[in-house]
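Novice: Take this structure, written in structure tokens, and hold onto it; I'll ask about it next.
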Protein chains: 2
Amino acid sequence: MSARVLVVDDIPVNVRLLEAKLSAEYYDVITANSGAEALEIIKSEPPDIVLLDVMMPEMDGFEVCRRIKADPATALLPVIMVTALNEQSDRVTGLEAGADDFLTKPVRDLALFARLRSLLRVKMLLDELRLREETSRQMNTLRDVENRDDLLHGQRVLFVGEESTEGDLIASIFDDSSHVDKLSDSREAMKKALEQSYDIVFVSLSLSGSDPLRLCSQLRSHTETRHTPILVIVDNCEPEQVTKALDLGVSDYIMRPLDFSEARARALTQSSYRRYHEEMRSALEKSVDMAFTDGLTGLYNRRYVTRHLAGLAKDPSAEDRNIALIMVDIDHFKKVNDSYGHDVGDEVLKEISARLQLVVRGQDLASRLGGEEFLIVMTNATQENAQSVAERIRDDIASVPIKAATPEGTITVTVSVGVAMRESTSELPDRQLKRADEALYEAKRGGRDCVVIAA
Amino acid sequence: MSARVLVVDDIPVNVRLLEAKLSAEYYDVITANSGAEALEIIKSEPPDIVLLDVMMPEMDGFEVCRRIKADPATALLPVIMVTALNEQSDRVTGLEAGADDFLTKPVRDLALFARLRSLLRVKMLLDELRLREETSRQMNTLRDVENRDDLLHGQRVLFVGEESTEGDLIASIFDDSSHVDKLSDSREAMKKALEQSYDIVFVSLSLSGSDPLRLCSQLRSHTETRHTPILVIVDNCEPEQVTKALDLGVSDYIMRPLDFSEARARALTQSSYRRYHEEMRSALEKSVDMAFTDGLTGLYNRRYVTRHLAGLAKDPSAEDRNIALIMVDIDHFKKVNDSYGHDVGDEVLKEISARLQLVVRGQDLASRLGGEEFLIVMTNATQENAQSVAERIRDDIASVPIKAATPEGTITVTVSVGVAMRESTSELPDRQLKRADEALYEAKRGGRDCVVIAA
């Protein structure tokens with residue numbers, strides 16, 4: 001997949017060199033000669049990834065990276081730092097500034113392109129979950145944003161390798177509340193990974209006896225482990241293995257000899273991506289739930305049931321399925337609120353919702369239309385089925401008192417119920433609803449606590 | 001990225017051959033010997049992609065493909081048909097059955113792997129938008145599912161190539177209500193693509209004068225055109241170009257000589273993916289909006305404003321920013337409903353919401369708390385600012401009548417307003433709200449149509 005790459009370096013020949021390499025691989029390249037210029041371009045024409053030189057006058061690469069990662073609008077933009085030095089300490093500084101990786105000049109093409117593909121794959125997925133700016137702002141109120149260091153707390157970690165000292169070093173990244181499994185057999189590791197839902201997995205690529213890349217590939221092939229961060233541990237001399245591993249979808253690699261700070265920084269970066277991904281998905285799910293359910297009772301809301309009925313009306317496969325509407329309204333509900341307060345009223349609404357939910361079959365749908373009015377939609381139901389459900393609801397509510405904060409500790413209410421069967425496949429939902437509503441009105445006029453079937 | 005591939009063929013040696021090839025590239029392979037077995041496996045352990053033999057006894061590959069694509073649960077599962085024949089008519093039958101591509105035995109490795117990567121990339125993106133099953137079901141009520149053939153109607157199409165007869169053939173796929181631009185210059189094509197938001201783009205890879213792959217790569221690098229389907233047109237003898245194009249992110253390819261039915265089937269398939277993608281994103285956005293806005297007035301709802309206030313309370317950068325709460329309640333609103341009906345009541349609520357929206361600055365937030373009660377949250381506001389906004393609201397509503405279906409054609413209402421400034425950065429939102437509410441109560445007691453500032 002092609003993408004837009006921003007190359008930042010104060011030395012023109014370095015810019016041109018990377019530009020030529022990337023352009024030959026059909027990346028769309030934009031360039032900047034200083035940190036300040038880079039930050040401006042990132043705002044005005046956002047790239048998909050940044051290749052960032054470390055040593056620049058005025059603002060160095062570390063600072064540029066820190067600023068990119070500190071701004072929520074660009075925090076997920078992948079940054080690769082490029083440097084002439086290969087000092088462990090520099091690498092750690094860069095990773096701690098939030099860089100995703102660190103490449104040493106002269107940049108080896110294979111390593112660069114594998115890294116780009118891998119980071120871009122993750123970015124495209126995350127972009128997918130980011131909706132309109134306005135929407136994200138709303139959704140962000142649903143995210144539980146925690147501290148980055150929490151990511152090393154209470155984690156489920158899997159280490160797959162033969163060197164127990166390496167396993168110990170990896171384990172020491174996480175605090176005591178975390179659980180670390182150490183295995184040296186790929187097959188066993190795969191089995192455990194499917195059972196345990198690990199938060200992060202480390203795989204040594206020098207594992208003998210079985211092909212560790214196969215394990216990585218299997219982890220990526222199963223839905224359960226598809227998004228779990230995988231960090232591979234490799235010998236410094238095996239760049240081809242790293243390239244292959246990145247193309248299979250592993251998240252990052254750590255070179256031997258293992259350095260604690262580097263391993264920790266890389267684990268943190270990958271865990272942040274995982275957490276962002278989980279939070280976004282969960283926020284989306286919560287917002288969809290909120291849009292379609294009633295906050296107090298958890299039943300479907302009027303919006304959902306209206307759409308559900310419209311869907312049934314349009315669905316040709318629902319043509320011969322009888323549709324019954326059961327409308328339920330609590331009798332004299334205003335009195336409950338007036339006598340005992342809204343808290344007791346809410347308890348009654350919740351308890352009645354729970355009872356309706358128990359009565360409906362899996363294919364049916366219980367909803368709260370608003371106030372003290374509920375609607376049950378039954379498909380594949382005869383008039384006898386619907387009448388018997390309606391009677392059961394009425395009887396159960398009238399005969400079993402509801403626990404509530406009244407002087408007696410309970411309250412007894414009754415409901416009136418109107419039932420309407422769809423008259424023909426051409427009857428529109430609105431008309432059927434109106435007939436159910438009229439039947440309910442009849443029930444109210446008939447003295448309440450009773451069921452009326454629409455003619 | 002690794003993935004799980006299902007290989008379906010009734011001849012064991014063919015299965016083993018493909019299995020070996022895929023496995024060597026670290027794909028996770030599962031196999032089936034018949035169409036019936038394949039359909040079962042797809043249900044029990046869903047693969048990411050299916051390689052499907054055409055000629056099988058009992059149920060042939062076409063039928064298996066039709067069934068996969070007819071079931072909403074599996075309609076987005078990519079299917080590549082593999083066949084010993086290379087008949088145009090077979091290819092069209094397969095594509096019309098919903099297959100994503102058609103490979104001829106013996107399968108060339110490069111073509112296969114490029115195709116797998118390209119289809120898997122799209123699938124992973126679409127998977128990202130699919131949430132829990134329950135959530136998708138709710139969200140699906142927001143999708144406008146149209147006919148597949150609508151995708152050839154009213155489309156904006158770009159053809160980039162030199163052969164005007166090819167351009168004509170492509171144009172003839174779409175009906176007269178569509179608009180087709182034909183260009184032969186890459187640079188001009190890119191410029192137009194950024195302006196026009198095309199629904200689909202065709203690029204001839206034999207375009208001279210500029211590198212057509214560069215155009216494809218640029219289309220994929222810009223946010224505006226990232227998800228636009230691109231179909232490239234290639235000479236039969238240039239498989240390397242196809243491989244490169246697929247890796248750059250083009251959606252599909254059509255071999256010369258162009259066949260109308262094949263081009264049409266491929267255009268339809270890619271347009272369906274695009275439409276699914278757009279519908280899912282729009283449904284997600286709509287549901288987030290619904291979760292946080294009031295259906296009648298379009299203002300933020302109580303849920304959102306509560307979270308917004310909680311967010312401000314936690315945000316250290318909001319510490320020194322004064323927060324003002326302005327609570328607005330329509331006077332004697334029950335009378336409006338009782339005298340003129342709920343429709344007039346709703347008109348009043350909508351008009352007042354629109355006026356509130358006009359008064360607030362970009363950084364402020366207007367919400368409907370419920371019923372006839374509204375809340376405005378101002379940040380960076382002095383008490384004078386808040387008081388002046390509150391007065392403006394009160395005055396504007398009292399002095400400009402609202403158009404409504406009353407005998408006079410208008411209705412005049414008044415509002416009472418309570419204002420509370422945050423007392424200190426440690427005051428909790430709930431307490432500040434309570435003070436605004438008390439000020440509002442004072443305004444009601446003081447004769448209504450007035451503003452009271454909390455002490």
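Labeling convention for the structure tokens: chains A, B, ... as they appear, residues from 1 per chain, ligands from 1 in order of appearance.
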Could you list, as a ChimeraX atom specification, every residue within 12 Å of A:Asp395, counting only C-alpha atoms and ignoring same-chain residues fewer than 4 positions away?
Specialist: /A:355-356,359,388-391,399-401,412-417,449-451
Novice: Enumerate, in order of chain and increasing residue number, the residues of chain B with an atom no farther than 7 Å from chain A, each with its shortest atom pair and distance in Å to one decimal, counting only C-alpha atoms, as CSV.
Specialist:
residue,atom,partner,partner_atom,distance
B:Met1,CA,A:Leu248,CA,4.2
B:Ser2,CA,A:Leu248,CA,5.0
B:Ala3,CA,A:Ser221,CA,4.2
B:Arg4,CA,A:Ser221,CA,5.2
B:Tyr26,CA,A:Ser217,CA,6.0
B:Tyr27,CA,A:Ser217,CA,6.8
B:Asp28,CA,A:Gln218,CA,6.2
B:Leu125,CA,A:Leu125,CA,6.0
B:Glu128,CA,A:Leu125,CA,6.8
B:Leu129,CA,A:Leu129,CA,6.9
B:Leu131,CA,A:Glu285,CA,6.7
B:Thr135,CA,A:Glu285,CA,6.3
B:Met139,CA,A:Val288,CA,6.9
B:Thr141,CA,A:Arg307,CA,6.1
B:Arg214,CA,A:Tyr26,CA,6.0
B:Ser217,CA,A:Ser2,CA,5.3
B:Gln218,CA,A:Asp28,CA,6.2
B:Arg220,CA,A:Ser2,CA,5.9
B:Ser221,CA,A:Ala3,CA,4.2
B:Asp247,CA,A:Met1,CA,5.6
B:Leu248,CA,A:Met1,CA,4.2
B:Gly249,CA,A:Met1,CA,4.6
B:Glu285,CA,A:Thr135,CA,6.3
B:Ser287,CA,A:Val288,CA,5.3
B:Val288,CA,A:Ser287,CA,5.3
B:Asp289,CA,A:Thr135,CA,6.9
B:Met290,CA,A:Ala291,CA,5.2
B:Ala291,CA,A:Ala291,CA,4.2
B:Arg307,CA,A:Thr141,CA,6.2
Novice: Name all residues at most 7 Å from stretch 325-340 of chain B (count only C-alpha atoms; drop same-chain ones fewer than 5 positions away) and give them as a list in words.
Specialist: Gly345, Glu372, Glu373, Phe374, Leu375, Ile376, Val377, Met378, Ala390, Thr406, Val413, Thr414, Val415, Ser416, Val417, Gly418, Val419, Ala420, Met421, Ala436, Asp437, Leu440 and Arg448 of chain B
Novice: Please provide the set of residues having any atom within 9 Å of B:Ser206, restricted to only C-alpha atoms, with same-chain residues fewer than 3 positions apart removed, written as number ranges by chain.
Specialist: B: 161-162, 203, 211-212, 233-235
Novice: Would you mind exporting N, CA, C and O atoms of the selected residues as a CSV table (one decimal), in the first residue's frame?
Specialist:
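Full text of result-v2.csv as output:
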chain,number,residue,atom,x,y,z
B,161,GLY,N,-6.4,7.0,-19.7
B,161,GLY,CA,-5.8,6.1,-20.6
B,161,GLY,C,-5.8,6.8,-22.0
B,161,GLY,O,-6.4,7.8,-22.2
B,162,GLU,N,-5.1,6.1,-23.0
B,162,GLU,CA,-5.0,6.8,-24.3
B,162,GLU,C,-5.9,6.2,-25.3
B,162,GLU,O,-6.2,6.9,-26.3
B,203,VAL,N,-7.4,3.0,-14.5
B,203,VAL,CA,-6.1,3.5,-15.0
B,203,VAL,C,-5.5,2.5,-16.0
B,203,VAL,O,-5.3,1.3,-15.6
B,211,ASP,N,4.4,7.7,-15.5
B,211,ASP,CA,4.3,6.4,-15.0
B,211,ASP,C,2.9,6.2,-14.3
B,211,ASP,O,2.6,6.8,-13.3
B,212,PRO,N,2.1,5.4,-14.9
B,212,PRO,CA,0.7,5.2,-14.4
B,212,PRO,C,0.7,4.6,-13.0
B,212,PRO,O,-0.3,4.9,-12.2
B,233,ILE,N,-6.0,-1.3,-16.0
B,233,ILE,CA,-6.2,-2.1,-17.3
B,233,ILE,C,-4.8,-2.5,-17.8
B,233,ILE,O,-3.9,-1.6,-17.9
B,234,VAL,N,-4.6,-3.8,-18.0
B,234,VAL,CA,-3.2,-4.3,-18.3
B,234,VAL,C,-3.2,-5.2,-19.5
B,234,VAL,O,-4.2,-5.9,-19.8
B,235,ASP,N,-2.0,-5.3,-20.2
B,235,ASP,CA,-1.9,-6.3,-21.2
B,235,ASP,C,-1.7,-7.6,-20.5
B,235,ASP,O,-1.1,-7.7,-19.5
Novice: Within 10 Å of B:Ala189, counting only C-alpha atoms, which residues show up once you throw out same-chain ones fewer than 4 positions away? Write them as a ChimeraX atom specification, please.
Specialist: /B:158-161,181-185,193-195,201,203,215,219
Novice: Taking the DSSP assignment computed from this structure's backbone, write out as a PyMOL selection string all residues of stretch 4-227 of chain B that belong to strand (DSSP E or B).
Specialist: chain B and resi 4-8+28-32+49-53+79-83+101-104+156-160+179-183+200-204
Novice: Could you name the residues that touch B:Asn86 at 10 Å or less, counting only C-alpha atoms, but leaving out those on the same chain fewer than 3 positions away, as a PDB file with N, CA, C and O atoms, in the first residue's frame?
Specialist:
ATOM      1  N   VAL B  82     -10.291 -20.798  -8.530  1.00  0.00           N
ATOM      2  CA  VAL B  82      -9.118 -21.374  -9.188  1.00  0.00           C
ATOM      3  C   VAL B  82      -9.626 -22.386 -10.192  1.00  0.00           C
ATOM      4  O   VAL B  82     -10.436 -23.253  -9.853  1.00  0.00           O
ATOM      5  N   THR B  83      -9.172 -22.295 -11.436  1.00  0.00           N
ATOM      6  CA  THR B  83      -9.728 -23.193 -12.438  1.00  0.00           C
ATOM      7  C   THR B  83      -8.673 -23.629 -13.443  1.00  0.00           C
ATOM      8  O   THR B  83      -7.682 -22.929 -13.669  1.00  0.00           O
ATOM      9  N   SER B  89     -16.045 -16.823 -20.484  1.00  0.00           N
ATOM     10  CA  SER B  89     -17.416 -16.982 -19.975  1.00  0.00           C
ATOM     11  C   SER B  89     -17.418 -17.531 -18.549  1.00  0.00           C
ATOM     12  O   SER B  89     -18.215 -17.118 -17.715  1.00  0.00           O
ATOM     13  N   ASP B  90     -16.495 -18.458 -18.270  1.00  0.00           N
ATOM     14  CA  ASP B  90     -16.376 -18.988 -16.910  1.00  0.00           C
ATOM     15  C   ASP B  90     -15.997 -17.883 -15.937  1.00  0.00           C
ATOM     16  O   ASP B  90     -16.508 -17.796 -14.830  1.00  0.00           O
ATOM     17  N   ARG B  91     -15.057 -17.053 -16.398  1.00  0.00           N
ATOM     18  CA  ARG B  91     -14.571 -15.997 -15.533  1.00  0.00           C
ATOM     19  C   ARG B  91     -15.727 -15.068 -15.170  1.00  0.00           C
ATOM     20  O   ARG B  91     -15.904 -14.697 -14.011  1.00  0.00           O
ATOM     21  N   PHE B 102     -10.098 -14.523 -10.159  1.00  0.00           N
ATOM     22  CA  PHE B 102     -10.137 -15.751 -10.890  1.00  0.00           C
ATOM     23  C   PHE B 102      -8.712 -16.080 -11.269  1.00  0.00           C
ATOM     24  O   PHE B 102      -8.076 -15.313 -11.992  1.00  0.00           O
ATOM     25  N   LEU B 103      -8.145 -17.150 -10.733  1.00  0.00           N
ATOM     26  CA  LEU B 103      -6.779 -17.521 -11.117  1.00  0.00           C
ATOM     27  C   LEU B 103      -6.800 -18.829 -11.890  1.00  0.00           C
ATOM     28  O   LEU B 103      -7.595 -19.719 -11.612  1.00  0.00           O
ATOM     29  N   THR B 104      -5.904 -18.931 -12.882  1.00  0.00           N
ATOM     30  CA  THR B 104      -5.873 -20.116 -13.737  1.00  0.00           C
ATOM     31  C   THR B 104      -4.746 -21.049 -13.298  1.00  0.00           C
ATOM     32  O   THR B 104      -3.644 -20.596 -13.004  1.00  0.00           O
ATOM     33  N   LYS B 105      -5.053 -22.364 -13.251  1.00  0.00           N
ATOM     34  CA  LYS B 105      -4.020 -23.347 -12.916  1.00  0.00           C
ATOM     35  C   LYS B 105      -3.096 -23.515 -14.119  1.00  0.00           C
ATOM     36  O   LYS B 105      -3.587 -23.490 -15.256  1.00  0.00           O
TER      37      LYS B 105
END
Novice: Could you tell me how far atom CA of A:Asp53 lies from atom CA of A:Ile170, in Å and to one decimal?
Specialist: 29.4 Å
Novice: Just want the 10 Å neighbourhood of A:Ala111, counted on only C-alpha atoms, with same-chain residues fewer than 2 positions away dropped. Output as a list in words.
Specialist: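 Contacts, in chain order: Leu103, Val107, Arg108, Asp109, Phe113, Ala114, Arg115, Leu116, Pro239, Glu240, Val242, Thr243, Lys244 and Leu246 of chain A.
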Novice: Which one is closest to B:Thr410: B:Val344, B:Ala439, B:Leu365, B:Leu52? Count only C-alpha atoms.
Specialist: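 Counting only C-alpha atoms, the residue closest to B:Thr410 is B:Val344.
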Novice: Can you pull out every residue from stretch 117-329 of chain A that DSSP, working from the backbone, puts in helix (DSSP H, G or I), and format the result as an MDAnalysis selection string?
Specialist: chainID A and resid 117:129 133:140 148:152 164:173 186:196 212:221 223:225 239:248 260:292 302:314 316:318
Novice: Can you measure atom CA of A:Arg361 to atom CA of A:Leu312 for me? One decimal in Å is fine.
Specialist: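 Taking atom CA of A:Arg361 as the start and atom CA of A:Leu312 as the end point, the length is 17.0 Å.
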